[in-house]
Every structure is written in C-alpha cells, then in structure tokens.
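Everything on this sheet refers to the single structure shown next.
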Amino acid sequence: MPGSRLLTTDDWPEAELRAAVLAGELVPVGPCWASPATPQDPALRATAVAWVLGDARLVAAGRTAAWIWGASSRPPDPVDASVSPQLRITVRPTVRLREVALPPDDVVRLGAAGTAVTTPARTAIDLLRAPGPTSSDRSDAVAGLLAIGVVTADELLARLRGLGTIPMVRQAERRLRGLLVPC
C-alpha cells in the first residue's frame with residue numbers, strides 16, 4: 001500500500017489528480033502522484049509499483065526495476081514482475097508476469113510497502129538475456145543502469161560468465177559489449 005508521500009486513485013478521483021498536475025501541485029510517479037517537493041528516489045518509485053502489483057509475493061523486475069532504480073525516466077507499461085514458479089497468482093492486465101526462481105541475494109525490499117525489487121545487477125542481466133530482438137527500451141534501461149553507476153560493466157560481465165551455459169548468456173555478452181562501444 002502506498003505510503004503517505006503518494007496519492008492514488010484510491011485517495012482522489014483521477015480527474016482531480018490530473019488537474020492538480022496541471023496546476024503544478026502534484027507530479028506523476030508511475031501510476032501514482034506526489035508533491036513536486038518529494039524526492040523521486042527508488043523507495044518512492046517502489047512504493048508506487050507496489051500499488052499496481054497488489055501482492056507482496058511479486059517482485060518488480062526487468063524494465064520496471066530499472067525505472068525504480070532510476071535508469072529510465074518513465075515506467076514501462078505494462079509493469080514487469082516476477083514470481084516464484086511454485087506460486088499461482090492472478091494479476092491485473094497492467095502486469096506482465098514471468099515465473100522465475102530468484103535467489104534471495106538478487107532481491108531487495110524498498111519503500112514504505114517493502115516492495116521486492118531485483119537488484120540493479122540482476123535487473124541488467126535479465127534485460128540483457130531477454131529472448132528476441134534487442135529492443136531499444138531494454139538497451140536504454142541497461143545503459144541507464146550503467147550510466148547512473150548502480151552497476152558496472154565488469155560486474156555484469158563477471159556475472160554473465162558465472163552463469164555458464166544457460167540460455168542467452170552469449171547473446172547477453174554481445175549485447176553488453178554493443179552498449180559499451182561508443183557510436
């Protein structure tokens with residue numbers, strides 16, 4: 001549940017919240033709103049994501065986690081989340097859910113709601129290993145994580161090499177090297 005620093009459509013009608021944005025009294029924080037004086041830090045963004053997820057067993061991951069860490073300026077739509085393969089959860093249409101086993105050291109809890117979020121390194125690894133063609137959103141999110149300094153290229157390369165022969169590791173290394181080459 002959002003902390004006292006956030007407002008949601010549970011608090012006010014959406015039209016009033018959007019009018020307050022136009023008046024300069026509020027700013028959007030993902031699916032929620034806050035005072036312009038409130039620092040938009042990872043804890044605040046994680047609390048906003050918790051309102052969408054609605055279940056503490058879900059872990060904010062992928063592009064959503066990158067946004068929480070500050071690597072992206074806008075939250076993705078839909079929200080990316082992970083859940084343990086042993087759990088069966090129904091989510092809203094605004095949540096894209098992946099079943100994945102996450103070691104405890106790849107997840108941290110942030111914000112008033114104690115939202116589970118993948119660490120910056122795990123977030124980058126997941127984005128780099130995502131199957132399919134490289135999307136600019138995923139590449140930009142990884143580049144953002146590197147740019148703000150929450151993870152280093154050396155750390156990512158070491159983690160990728162430590163994964164052995166699991167799927168998409170070599171592709172992830174190539175994608176990372178592509179991000180590091182100046183245009």
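Letters A, B, ... go to the chains of the structure tokens in the order shown; residues in each chain start at 1; ligands are counted from 1 in the same order.
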
Those in chain A with strand (DSSP E or B) from DSSP, as a PDB file with N, CA, C and O atoms, in the first residue's frame:
ATOM      1  N   LEU A   7      -0.168   9.719  -3.557  1.00  0.00           N
ATOM      2  CA  LEU A   7      -1.620   9.716  -3.718  1.00  0.00           C
ATOM      3  C   LEU A   7      -1.960   8.794  -4.878  1.00  0.00           C
ATOM      4  O   LEU A   7      -1.193   8.691  -5.841  1.00  0.00           O
ATOM      5  N   VAL A  27       3.014  15.802  -9.093  1.00  0.00           N
ATOM      6  CA  VAL A  27       3.724  15.248 -10.250  1.00  0.00           C
ATOM      7  C   VAL A  27       3.441  13.748 -10.283  1.00  0.00           C
ATOM      8  O   VAL A  27       3.255  13.116  -9.238  1.00  0.00           O
ATOM      9  N   PRO A  28       3.378  13.163 -11.493  1.00  0.00           N
ATOM     10  CA  PRO A  28       3.159  11.714 -11.555  1.00  0.00           C
ATOM     11  C   PRO A  28       4.402  10.943 -11.111  1.00  0.00           C
ATOM     12  O   PRO A  28       5.530  11.354 -11.378  1.00  0.00           O
ATOM     13  N   VAL A  29       4.155   9.855 -10.412  1.00  0.00           N
ATOM     14  CA  VAL A  29       5.205   8.907 -10.025  1.00  0.00           C
ATOM     15  C   VAL A  29       4.678   7.545 -10.461  1.00  0.00           C
ATOM     16  O   VAL A  29       3.980   6.871  -9.717  1.00  0.00           O
ATOM     17  N   CYS A  32       1.036   6.622  -9.667  1.00  0.00           N
ATOM     18  CA  CYS A  32       0.617   7.413  -8.509  1.00  0.00           C
ATOM     19  C   CYS A  32       1.028   8.868  -8.705  1.00  0.00           C
ATOM     20  O   CYS A  32       1.567   9.237  -9.742  1.00  0.00           O
ATOM     21  N   TRP A  33       0.802   9.682  -7.681  1.00  0.00           N
ATOM     22  CA  TRP A  33       1.161  11.098  -7.727  1.00  0.00           C
ATOM     23  C   TRP A  33       1.766  11.498  -6.393  1.00  0.00           C
ATOM     24  O   TRP A  33       1.450  10.931  -5.352  1.00  0.00           O
ATOM     25  N   ALA A  34       2.647  12.528  -6.442  1.00  0.00           N
ATOM     26  CA  ALA A  34       3.287  13.033  -5.229  1.00  0.00           C
ATOM     27  C   ALA A  34       3.514  14.528  -5.359  1.00  0.00           C
ATOM     28  O   ALA A  34       3.415  15.099  -6.448  1.00  0.00           O
ATOM     29  N   VAL A  59       7.713  -9.695  -7.452  1.00  0.00           N
ATOM     30  CA  VAL A  59       8.982  -8.972  -7.445  1.00  0.00           C
ATOM     31  C   VAL A  59       9.030  -8.077  -8.679  1.00  0.00           C
ATOM     32  O   VAL A  59       8.898  -8.573  -9.808  1.00  0.00           O
ATOM     33  N   ALA A  60       9.204  -6.786  -8.461  1.00  0.00           N
ATOM     34  CA  ALA A  60       9.370  -5.870  -9.592  1.00  0.00           C
ATOM     35  C   ALA A  60      10.670  -6.233 -10.294  1.00  0.00           C
ATOM     36  O   ALA A  60      11.718  -6.378  -9.658  1.00  0.00           O
ATOM     37  N   VAL A  79       3.626  -3.189 -16.276  1.00  0.00           N
ATOM     38  CA  VAL A  79       4.636  -3.365 -15.236  1.00  0.00           C
ATOM     39  C   VAL A  79       5.214  -4.768 -15.367  1.00  0.00           C
ATOM     40  O   VAL A  79       4.474  -5.734 -15.556  1.00  0.00           O
ATOM     41  N   ASP A  80       6.550  -4.880 -15.280  1.00  0.00           N
ATOM     42  CA  ASP A  80       7.218  -6.185 -15.327  1.00  0.00           C
ATOM     43  C   ASP A  80       7.391  -6.720 -13.908  1.00  0.00           C
ATOM     44  O   ASP A  80       7.878  -5.997 -13.035  1.00  0.00           O
ATOM     45  N   ALA A  81       6.988  -7.965 -13.695  1.00  0.00           N
ATOM     46  CA  ALA A  81       7.124  -8.584 -12.378  1.00  0.00           C
ATOM     47  C   ALA A  81       7.505 -10.045 -12.535  1.00  0.00           C
ATOM     48  O   ALA A  81       7.266 -10.662 -13.575  1.00  0.00           O
ATOM     49  N   SER A  82       8.110 -10.581 -11.477  1.00  0.00           N
ATOM     50  CA  SER A  82       8.476 -11.998 -11.426  1.00  0.00           C
ATOM     51  C   SER A  82       7.826 -12.634 -10.218  1.00  0.00           C
ATOM     52  O   SER A  82       7.557 -11.963  -9.218  1.00  0.00           O
ATOM     53  N   VAL A  83       7.612 -13.927 -10.331  1.00  0.00           N
ATOM     54  CA  VAL A  83       7.039 -14.690  -9.225  1.00  0.00           C
ATOM     55  C   VAL A  83       7.699 -16.061  -9.218  1.00  0.00           C
ATOM     56  O   VAL A  83       8.120 -16.563 -10.266  1.00  0.00           O
ATOM     57  N   VAL A  95      -0.015  -5.858 -15.558  1.00  0.00           N
ATOM     58  CA  VAL A  95       1.205  -6.505 -15.049  1.00  0.00           C
ATOM     59  C   VAL A  95       1.594  -7.642 -15.990  1.00  0.00           C
ATOM     60  O   VAL A  95       0.779  -8.509 -16.309  1.00  0.00           O
ATOM     61  N   ARG A  96       2.854  -7.625 -16.448  1.00  0.00           N
ATOM     62  CA  ARG A  96       3.412  -8.736 -17.243  1.00  0.00           C
ATOM     63  C   ARG A  96       4.202  -9.606 -16.275  1.00  0.00           C
ATOM     64  O   ARG A  96       5.170  -9.160 -15.667  1.00  0.00           O
ATOM     65  N   LEU A  97       3.795 -10.849 -16.137  1.00  0.00           N
ATOM     66  CA  LEU A  97       4.351 -11.730 -15.122  1.00  0.00           C
ATOM     67  C   LEU A  97       5.230 -12.805 -15.736  1.00  0.00           C
ATOM     68  O   LEU A  97       4.861 -13.429 -16.729  1.00  0.00           O
ATOM     69  N   ARG A  98       6.408 -13.011 -15.135  1.00  0.00           N
ATOM     70  CA  ARG A  98       7.332 -14.087 -15.518  1.00  0.00           C
ATOM     71  C   ARG A  98       7.532 -14.988 -14.319  1.00  0.00           C
ATOM     72  O   ARG A  98       7.698 -14.489 -13.202  1.00  0.00           O
ATOM     73  N   GLU A  99       7.537 -16.277 -14.544  1.00  0.00           N
ATOM     74  CA  GLU A  99       7.876 -17.222 -13.478  1.00  0.00           C
ATOM     75  C   GLU A  99       9.371 -17.460 -13.518  1.00  0.00           C
ATOM     76  O   GLU A  99       9.903 -17.907 -14.535  1.00  0.00           O
ATOM     77  N   VAL A 107      17.344 -10.018  -4.737  1.00  0.00           N
ATOM     78  CA  VAL A 107      16.133  -9.248  -4.452  1.00  0.00           C
ATOM     79  C   VAL A 107      16.357  -8.388  -3.211  1.00  0.00           C
ATOM     80  O   VAL A 107      16.936  -8.843  -2.229  1.00  0.00           O
ATOM     81  N   VAL A 108      15.903  -7.129  -3.291  1.00  0.00           N
ATOM     82  CA  VAL A 108      15.921  -6.234  -2.126  1.00  0.00           C
ATOM     83  C   VAL A 108      14.510  -5.718  -1.911  1.00  0.00           C
ATOM     84  O   VAL A 108      13.681  -5.740  -2.827  1.00  0.00           O
ATOM     85  N   ARG A 109      14.240  -5.233  -0.723  1.00  0.00           N
ATOM     86  CA  ARG A 109      12.930  -4.649  -0.403  1.00  0.00           C
ATOM     87  C   ARG A 109      13.110  -3.153  -0.222  1.00  0.00           C
ATOM     88  O   ARG A 109      13.994  -2.709   0.490  1.00  0.00           O
ATOM     89  N   LEU A 110      12.229  -2.390  -0.884  1.00  0.00           N
ATOM     90  CA  LEU A 110      12.318  -0.937  -0.865  1.00  0.00           C
ATOM     91  C   LEU A 110      10.965  -0.311  -0.564  1.00  0.00           C
ATOM     92  O   LEU A 110       9.927  -0.905  -0.853  1.00  0.00           O
ATOM     93  N   THR A 115       8.401  -3.230  -1.044  1.00  0.00           N
ATOM     94  CA  THR A 115       8.277  -3.846  -2.360  1.00  0.00           C
ATOM     95  C   THR A 115       9.542  -4.616  -2.709  1.00  0.00           C
ATOM     96  O   THR A 115      10.648  -4.084  -2.608  1.00  0.00           O
ATOM     97  N   ALA A 116       9.389  -5.858  -3.142  1.00  0.00           N
ATOM     98  CA  ALA A 116      10.518  -6.660  -3.595  1.00  0.00           C
ATOM     99  C   ALA A 116      10.905  -6.196  -5.002  1.00  0.00           C
ATOM    100  O   ALA A 116      10.055  -6.072  -5.880  1.00  0.00           O
ATOM    101  N   VAL A 117      12.204  -5.928  -5.183  1.00  0.00           N
ATOM    102  CA  VAL A 117      12.736  -5.432  -6.457  1.00  0.00           C
ATOM    103  C   VAL A 117      14.025  -6.184  -6.751  1.00  0.00           C
ATOM    104  O   VAL A 117      14.835  -6.402  -5.848  1.00  0.00           O
ATOM    105  N   THR A 118      14.230  -6.572  -8.002  1.00  0.00           N
ATOM    106  CA  THR A 118      15.504  -7.205  -8.343  1.00  0.00           C
ATOM    107  C   THR A 118      16.621  -6.179  -8.200  1.00  0.00           C
ATOM    108  O   THR A 118      16.424  -4.981  -8.454  1.00  0.00           O
TER     109      THR A 118
END

Item to check | Picked from segment 48-99 of chain A by DSSP as alpha helix (DSSP H), as a ChimeraX atom specification | outcome: /A:48-53,62-69

May I have the residues from that selection written out with N, CA, C and O atoms, as a tab-separated table (two decimals), in the first residue's frame?
chain	number	residue	atom	x	y	z
A	48	ALA	N	5.17	3.12	-5.38
A	48	ALA	CA	4.18	3.33	-6.44
A	48	ALA	C	3.92	2.03	-7.20
A	48	ALA	O	2.77	1.71	-7.51
A	49	VAL	N	4.96	1.26	-7.47
A	49	VAL	CA	4.79	-0.01	-8.17
A	49	VAL	C	4.02	-1.01	-7.30
A	49	VAL	O	3.20	-1.78	-7.82
A	50	ALA	N	4.22	-0.97	-5.99
A	50	ALA	CA	3.51	-1.88	-5.09
A	50	ALA	C	2.00	-1.69	-5.22
A	50	ALA	O	1.24	-2.66	-5.12
A	51	TRP	N	1.57	-0.46	-5.46
A	51	TRP	CA	0.15	-0.20	-5.60
A	51	TRP	C	-0.42	-0.94	-6.82
A	51	TRP	O	-1.53	-1.44	-6.78
A	52	VAL	N	0.37	-1.02	-7.90
A	52	VAL	CA	-0.08	-1.73	-9.10
A	52	VAL	C	-0.01	-3.24	-8.89
A	52	VAL	O	-0.93	-3.97	-9.26
A	53	LEU	N	1.08	-3.71	-8.29
A	53	LEU	CA	1.26	-5.15	-8.13
A	53	LEU	C	0.21	-5.75	-7.21
A	53	LEU	O	-0.33	-6.81	-7.50
A	62	GLY	N	12.87	-6.50	-14.48
A	62	GLY	CA	13.01	-6.01	-15.85
A	62	GLY	C	13.01	-4.49	-15.94
A	62	GLY	O	13.64	-3.80	-15.15
A	63	ARG	N	12.27	-3.98	-16.93
A	63	ARG	CA	12.24	-2.54	-17.16
A	63	ARG	C	11.62	-1.78	-15.99
A	63	ARG	O	11.98	-0.65	-15.72
A	64	THR	N	10.71	-2.43	-15.26
A	64	THR	CA	10.11	-1.78	-14.09
A	64	THR	C	11.17	-1.59	-13.01
A	64	THR	O	11.26	-0.51	-12.41
A	65	ALA	N	11.97	-2.60	-12.76
A	65	ALA	CA	13.05	-2.47	-11.77
A	65	ALA	C	14.06	-1.40	-12.21
A	65	ALA	O	14.53	-0.62	-11.39
A	66	ALA	N	14.35	-1.36	-13.50
A	66	ALA	CA	15.28	-0.32	-14.00
A	66	ALA	C	14.71	1.07	-13.72
A	66	ALA	O	15.44	1.98	-13.32
A	67	TRP	N	13.41	1.25	-13.92
A	67	TRP	CA	12.77	2.54	-13.62
A	67	TRP	C	12.85	2.83	-12.13
A	67	TRP	O	13.17	3.95	-11.72
A	68	ILE	N	12.59	1.84	-11.30
A	68	ILE	CA	12.66	2.04	-9.85
A	68	ILE	C	14.06	2.51	-9.45
A	68	ILE	O	14.22	3.43	-8.64
A	69	TRP	N	15.11	1.90	-10.03
A	69	TRP	CA	16.48	2.28	-9.68
A	69	TRP	C	16.87	3.64	-10.26
A	69	TRP	O	17.90	4.18	-9.90

Would you mind listing what lies within 12 Å of Ala147 of chain A as a PDB file with N, CA, C and O atoms, in the first residue's frame, with only C-alpha atoms counted and same-chain residues fewer than 2 positions away left out?
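Contents of the output file out-v2.pdb:
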ATOM      1  N   ALA A  66      14.354  -1.356 -13.499  1.00  0.00           N
ATOM      2  CA  ALA A  66      15.280  -0.320 -13.996  1.00  0.00           C
ATOM      3  C   ALA A  66      14.714   1.069 -13.722  1.00  0.00           C
ATOM      4  O   ALA A  66      15.438   1.981 -13.316  1.00  0.00           O
ATOM      5  N   TRP A  69      15.105   1.900 -10.025  1.00  0.00           N
ATOM      6  CA  TRP A  69      16.478   2.275  -9.677  1.00  0.00           C
ATOM      7  C   TRP A  69      16.869   3.637 -10.260  1.00  0.00           C
ATOM      8  O   TRP A  69      17.897   4.183  -9.897  1.00  0.00           O
ATOM      9  N   GLY A  70      16.072   4.176 -11.159  1.00  0.00           N
ATOM     10  CA  GLY A  70      16.359   5.500 -11.715  1.00  0.00           C
ATOM     11  C   GLY A  70      17.030   5.471 -13.071  1.00  0.00           C
ATOM     12  O   GLY A  70      17.523   6.494 -13.545  1.00  0.00           O
ATOM     13  N   ALA A  71      17.051   4.312 -13.719  1.00  0.00           N
ATOM     14  CA  ALA A  71      17.734   4.174 -15.003  1.00  0.00           C
ATOM     15  C   ALA A  71      16.861   4.581 -16.183  1.00  0.00           C
ATOM     16  O   ALA A  71      17.368   4.768 -17.282  1.00  0.00           O
ATOM     17  N   SER A  72      15.572   4.717 -15.970  1.00  0.00           N
ATOM     18  CA  SER A  72      14.637   5.111 -17.019  1.00  0.00           C
ATOM     19  C   SER A  72      13.795   6.269 -16.500  1.00  0.00           C
ATOM     20  O   SER A  72      13.482   6.329 -15.311  1.00  0.00           O
ATOM     21  N   PRO A 120      20.078  -4.060  -9.006  1.00  0.00           N
ATOM     22  CA  PRO A 120      20.481  -3.497 -10.303  1.00  0.00           C
ATOM     23  C   PRO A 120      21.226  -4.497 -11.189  1.00  0.00           C
ATOM     24  O   PRO A 120      20.972  -4.560 -12.395  1.00  0.00           O
ATOM     25  N   ASP A 140      18.229   0.751 -23.550  1.00  0.00           N
ATOM     26  CA  ASP A 140      18.295   2.035 -22.851  1.00  0.00           C
ATOM     27  C   ASP A 140      18.274   1.842 -21.335  1.00  0.00           C
ATOM     28  O   ASP A 140      18.955   2.560 -20.606  1.00  0.00           O
ATOM     29  N   ALA A 141      17.493   0.874 -20.858  1.00  0.00           N
ATOM     30  CA  ALA A 141      17.433   0.617 -19.420  1.00  0.00           C
ATOM     31  C   ALA A 141      18.779   0.118 -18.895  1.00  0.00           C
ATOM     32  O   ALA A 141      19.254   0.572 -17.847  1.00  0.00           O
ATOM     33  N   VAL A 142      19.419  -0.793 -19.617  1.00  0.00           N
ATOM     34  CA  VAL A 142      20.737  -1.288 -19.193  1.00  0.00           C
ATOM     35  C   VAL A 142      21.757  -0.149 -19.259  1.00  0.00           C
ATOM     36  O   VAL A 142      22.548   0.040 -18.325  1.00  0.00           O
ATOM     37  N   ALA A 143      21.728   0.613 -20.335  1.00  0.00           N
ATOM     38  CA  ALA A 143      22.635   1.766 -20.447  1.00  0.00           C
ATOM     39  C   ALA A 143      22.404   2.747 -19.300  1.00  0.00           C
ATOM     40  O   ALA A 143      23.356   3.314 -18.750  1.00  0.00           O
ATOM     41  N   GLY A 144      21.153   2.930 -18.913  1.00  0.00           N
ATOM     42  CA  GLY A 144      20.836   3.814 -17.790  1.00  0.00           C
ATOM     43  C   GLY A 144      21.392   3.291 -16.479  1.00  0.00           C
ATOM     44  O   GLY A 144      21.927   4.061 -15.674  1.00  0.00           O
ATOM     45  N   LEU A 145      21.267   1.991 -16.231  1.00  0.00           N
ATOM     46  CA  LEU A 145      21.828   1.396 -15.013  1.00  0.00           C
ATOM     47  C   LEU A 145      23.341   1.598 -14.959  1.00  0.00           C
ATOM     48  O   LEU A 145      23.903   1.893 -13.905  1.00  0.00           O
ATOM     49  N   GLY A 149      25.578   4.418 -12.406  1.00  0.00           N
ATOM     50  CA  GLY A 149      26.606   3.824 -11.557  1.00  0.00           C
ATOM     51  C   GLY A 149      26.126   2.817 -10.532  1.00  0.00           C
ATOM     52  O   GLY A 149      26.869   2.489  -9.607  1.00  0.00           O
ATOM     53  N   VAL A 150      24.910   2.288 -10.678  1.00  0.00           N
ATOM     54  CA  VAL A 150      24.449   1.283  -9.717  1.00  0.00           C
ATOM     55  C   VAL A 150      24.993  -0.101 -10.045  1.00  0.00           C
ATOM     56  O   VAL A 150      24.875  -1.021  -9.234  1.00  0.00           O
ATOM     57  N   VAL A 151      25.587  -0.231 -11.241  1.00  0.00           N
ATOM     58  CA  VAL A 151      26.199  -1.484 -11.670  1.00  0.00           C
ATOM     59  C   VAL A 151      27.312  -1.118 -12.657  1.00  0.00           C
ATOM     60  O   VAL A 151      27.248  -0.079 -13.308  1.00  0.00           O
ATOM     61  N   THR A 152      28.322  -1.971 -12.735  1.00  0.00           N
ATOM     62  CA  THR A 152      29.414  -1.719 -13.677  1.00  0.00           C
ATOM     63  C   THR A 152      29.433  -2.790 -14.762  1.00  0.00           C
ATOM     64  O   THR A 152      28.924  -3.904 -14.561  1.00  0.00           O
ATOM     65  N   ALA A 153      30.043  -2.448 -15.877  1.00  0.00           N
ATOM     66  CA  ALA A 153      30.164  -3.407 -16.977  1.00  0.00           C
ATOM     67  C   ALA A 153      30.988  -4.614 -16.549  1.00  0.00           C
ATOM     68  O   ALA A 153      30.659  -5.760 -16.902  1.00  0.00           O
ATOM     69  N   LEU A 179      26.662  -2.203 -26.109  1.00  0.00           N
ATOM     70  CA  LEU A 179      26.335  -0.985 -25.360  1.00  0.00           C
ATOM     71  C   LEU A 179      27.586  -0.213 -24.973  1.00  0.00           C
ATOM     72  O   LEU A 179      27.535   1.014 -24.803  1.00  0.00           O
ATOM     73  N   LEU A 180      28.699  -0.932 -24.820  1.00  0.00           N
ATOM     74  CA  LEU A 180      29.921  -0.293 -24.344  1.00  0.00           C
ATOM     75  C   LEU A 180      30.720   0.355 -25.470  1.00  0.00           C
ATOM     76  O   LEU A 180      31.584   1.187 -25.209  1.00  0.00           O
TER      77      LEU A 180
END

Checklist entry - Rounded to one decimal in Å, what is the spacing between atom CA of Arg129 of chain A and atom CA of Gly178 of chain A? => result 13.6 Å

Checklist entry - Any idea what's packed within 12 Å of Gly132 of chain A, counting only C-alpha atoms, ignoring anything in its chain fewer than 2 positions away? Could you give it as a PyMOL selection string? => result chain A and resi 127-130+134-135+138+168+171-172+175

Only all heavy atoms, please: the residues just picked out, written as an mmCIF file, in the first residue's frame.
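The resulting selection.cif:
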data_model
loop_
_atom_site.group_PDB
_atom_site.id
_atom_site.type_symbol
_atom_site.label_atom_id
_atom_site.label_comp_id
_atom_site.auth_asym_id
_atom_site.auth_seq_id
_atom_site.Cartn_x
_atom_site.Cartn_y
_atom_site.Cartn_z
ATOM 1 N N LEU A 127 17.561 -8.129 -18.389
ATOM 2 C CA LEU A 127 17.286 -7.347 -19.594
ATOM 3 C C LEU A 127 18.196 -7.768 -20.746
ATOM 4 O O LEU A 127 17.752 -7.852 -21.895
ATOM 5 C CB LEU A 127 17.442 -5.853 -19.306
ATOM 6 C CG LEU A 127 16.373 -5.250 -18.391
ATOM 7 C CD1 LEU A 127 16.790 -3.859 -17.930
ATOM 8 C CD2 LEU A 127 15.023 -5.226 -19.075
ATOM 9 N N LEU A 128 19.451 -8.035 -20.444
ATOM 10 C CA LEU A 128 20.393 -8.455 -21.481
ATOM 11 C C LEU A 128 20.061 -9.855 -22.009
ATOM 12 O O LEU A 128 20.280 -10.138 -23.186
ATOM 13 C CB LEU A 128 21.824 -8.440 -20.944
ATOM 14 C CG LEU A 128 22.423 -7.055 -20.691
ATOM 15 C CD1 LEU A 128 23.703 -7.173 -19.863
ATOM 16 C CD2 LEU A 128 22.682 -6.329 -21.997
ATOM 17 N N ARG A 129 19.544 -10.720 -21.149
ATOM 18 C CA ARG A 129 19.252 -12.111 -21.537
ATOM 19 C C ARG A 129 17.865 -12.293 -22.128
ATOM 20 O O ARG A 129 17.518 -13.395 -22.545
ATOM 21 C CB ARG A 129 19.382 -13.037 -20.321
ATOM 22 C CG ARG A 129 20.807 -13.276 -19.891
ATOM 23 C CD ARG A 129 20.891 -14.345 -18.795
ATOM 24 N NE ARG A 129 20.267 -15.568 -19.234
ATOM 25 C CZ ARG A 129 19.271 -16.189 -18.572
ATOM 26 N NH1 ARG A 129 18.802 -15.695 -17.446
ATOM 27 N NH2 ARG A 129 18.754 -17.313 -19.035
ATOM 28 N N ALA A 130 17.060 -11.262 -22.164
ATOM 29 C CA ALA A 130 15.692 -11.407 -22.663
ATOM 30 C C ALA A 130 15.716 -11.935 -24.098
ATOM 31 O O ALA A 130 16.452 -11.426 -24.946
ATOM 32 C CB ALA A 130 14.968 -10.077 -22.596
ATOM 33 N N THR A 134 16.789 -7.342 -29.787
ATOM 34 C CA THR A 134 17.085 -6.325 -28.786
ATOM 35 C C THR A 134 16.151 -5.145 -28.983
ATOM 36 O O THR A 134 16.074 -4.580 -30.055
ATOM 37 C CB THR A 134 18.547 -5.850 -28.908
ATOM 38 O OG1 THR A 134 19.392 -6.992 -28.813
ATOM 39 C CG2 THR A 134 18.888 -4.874 -27.821
ATOM 40 N N SER A 135 15.437 -4.784 -27.914
ATOM 41 C CA SER A 135 14.562 -3.619 -28.005
ATOM 42 C C SER A 135 15.314 -2.407 -27.478
ATOM 43 O O SER A 135 16.183 -2.521 -26.614
ATOM 44 C CB SER A 135 13.284 -3.831 -27.200
ATOM 45 O OG SER A 135 13.506 -3.616 -25.834
ATOM 46 N N ARG A 138 14.888 -1.979 -23.647
ATOM 47 C CA ARG A 138 15.766 -2.800 -22.792
ATOM 48 C C ARG A 138 17.194 -2.288 -22.836
ATOM 49 O O ARG A 138 17.856 -2.182 -21.810
ATOM 50 C CB ARG A 138 15.702 -4.263 -23.226
ATOM 51 C CG ARG A 138 14.398 -4.937 -22.873
ATOM 52 C CD ARG A 138 14.464 -6.446 -23.000
ATOM 53 N NE ARG A 138 15.104 -6.921 -24.204
ATOM 54 C CZ ARG A 138 14.493 -7.546 -25.206
ATOM 55 N NH1 ARG A 138 13.196 -7.765 -25.143
ATOM 56 N NH2 ARG A 138 15.142 -7.948 -26.256
ATOM 57 N N MET A 168 20.913 -17.837 -23.578
ATOM 58 C CA MET A 168 21.028 -16.401 -23.844
ATOM 59 C C MET A 168 22.227 -15.713 -23.182
ATOM 60 O O MET A 168 22.338 -14.490 -23.238
ATOM 61 C CB MET A 168 19.749 -15.664 -23.468
ATOM 62 C CG MET A 168 18.521 -16.090 -24.250
ATOM 63 S SD MET A 168 18.668 -15.833 -26.033
ATOM 64 C CE MET A 168 18.688 -14.063 -26.130
ATOM 65 N N GLN A 171 24.580 -14.308 -26.023
ATOM 66 C CA GLN A 171 23.862 -13.184 -26.631
ATOM 67 C C GLN A 171 23.896 -11.969 -25.693
ATOM 68 O O GLN A 171 24.084 -10.838 -26.140
ATOM 69 C CB GLN A 171 22.415 -13.574 -26.938
ATOM 70 C CG GLN A 171 21.581 -12.461 -27.524
ATOM 71 C CD GLN A 171 21.992 -12.109 -28.945
ATOM 72 O OE1 GLN A 171 22.527 -12.934 -29.668
ATOM 73 N NE2 GLN A 171 21.761 -10.866 -29.328
ATOM 74 N N ALA A 172 23.727 -12.206 -24.402
ATOM 75 C CA ALA A 172 23.760 -11.115 -23.426
ATOM 76 C C ALA A 172 25.129 -10.449 -23.401
ATOM 77 O O ALA A 172 25.230 -9.219 -23.321
ATOM 78 C CB ALA A 172 23.394 -11.646 -22.043
ATOM 79 N N ARG A 175 25.363 -8.272 -26.440
ATOM 80 C CA ARG A 175 24.545 -7.072 -26.253
ATOM 81 C C ARG A 175 25.243 -6.076 -25.335
ATOM 82 O O ARG A 175 25.226 -4.871 -25.592
ATOM 83 C CB ARG A 175 23.181 -7.445 -25.675
ATOM 84 C CG ARG A 175 22.284 -8.146 -26.663
ATOM 85 C CD ARG A 175 21.002 -8.613 -26.018
ATOM 86 N NE ARG A 175 20.093 -9.193 -26.976
ATOM 87 C CZ ARG A 175 18.985 -9.832 -26.672
ATOM 88 N NH1 ARG A 175 18.623 -9.964 -25.409
ATOM 89 N NH2 ARG A 175 18.220 -10.335 -27.633
#

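Distances here use only C-alpha atoms; by that measure, the residue among A:Ala113, A:Leu22, A:Leu163, A:Ala121 closest to Thr47 of chain A is A:Ala113.
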
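The list of residues with at least one atom within 9 Å of Arg161 of chain A, based on only C-alpha atoms and without residues fewer than 5 positions apart in the same chain, reads Leu156, Val169, Arg170 and Glu173 of chain A.
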
Checklist entry - With only C-alpha atoms as the basis for distance, which of A:Ala20, A:Leu58, A:Leu6, A:Ala101 is at the shortest distance from Pro39 of chain A? => result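 Nearest to Pro39 of chain A: A:Leu6.
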
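For the atom pair formed by atom CA of Ala61 of chain A and atom CA of Pro167 of chain A, the distance is 18.6 Å, given to one decimal.
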
Checklist entry - Which of these, A:Ser73, A:Glu155, A:Val91, A:Pro31, has the shortest distance to Leu17 of chain A once you count only C-alpha atoms? => result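 Of A:Ser73, A:Glu155, A:Val91, A:Pro31, the one nearest Leu17 of chain A, counting only C-alpha atoms, is A:Pro31.
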
Next on the checklist: Would you compute the distance between atom CA of Asp154 of chain A and atom CA of Arg122 of chain A? Give it in Å to one decimal.
Outcome noted: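 Calculated distance between atom CA of Asp154 of chain A and atom CA of Arg122 of chain A is 13.7 Å.
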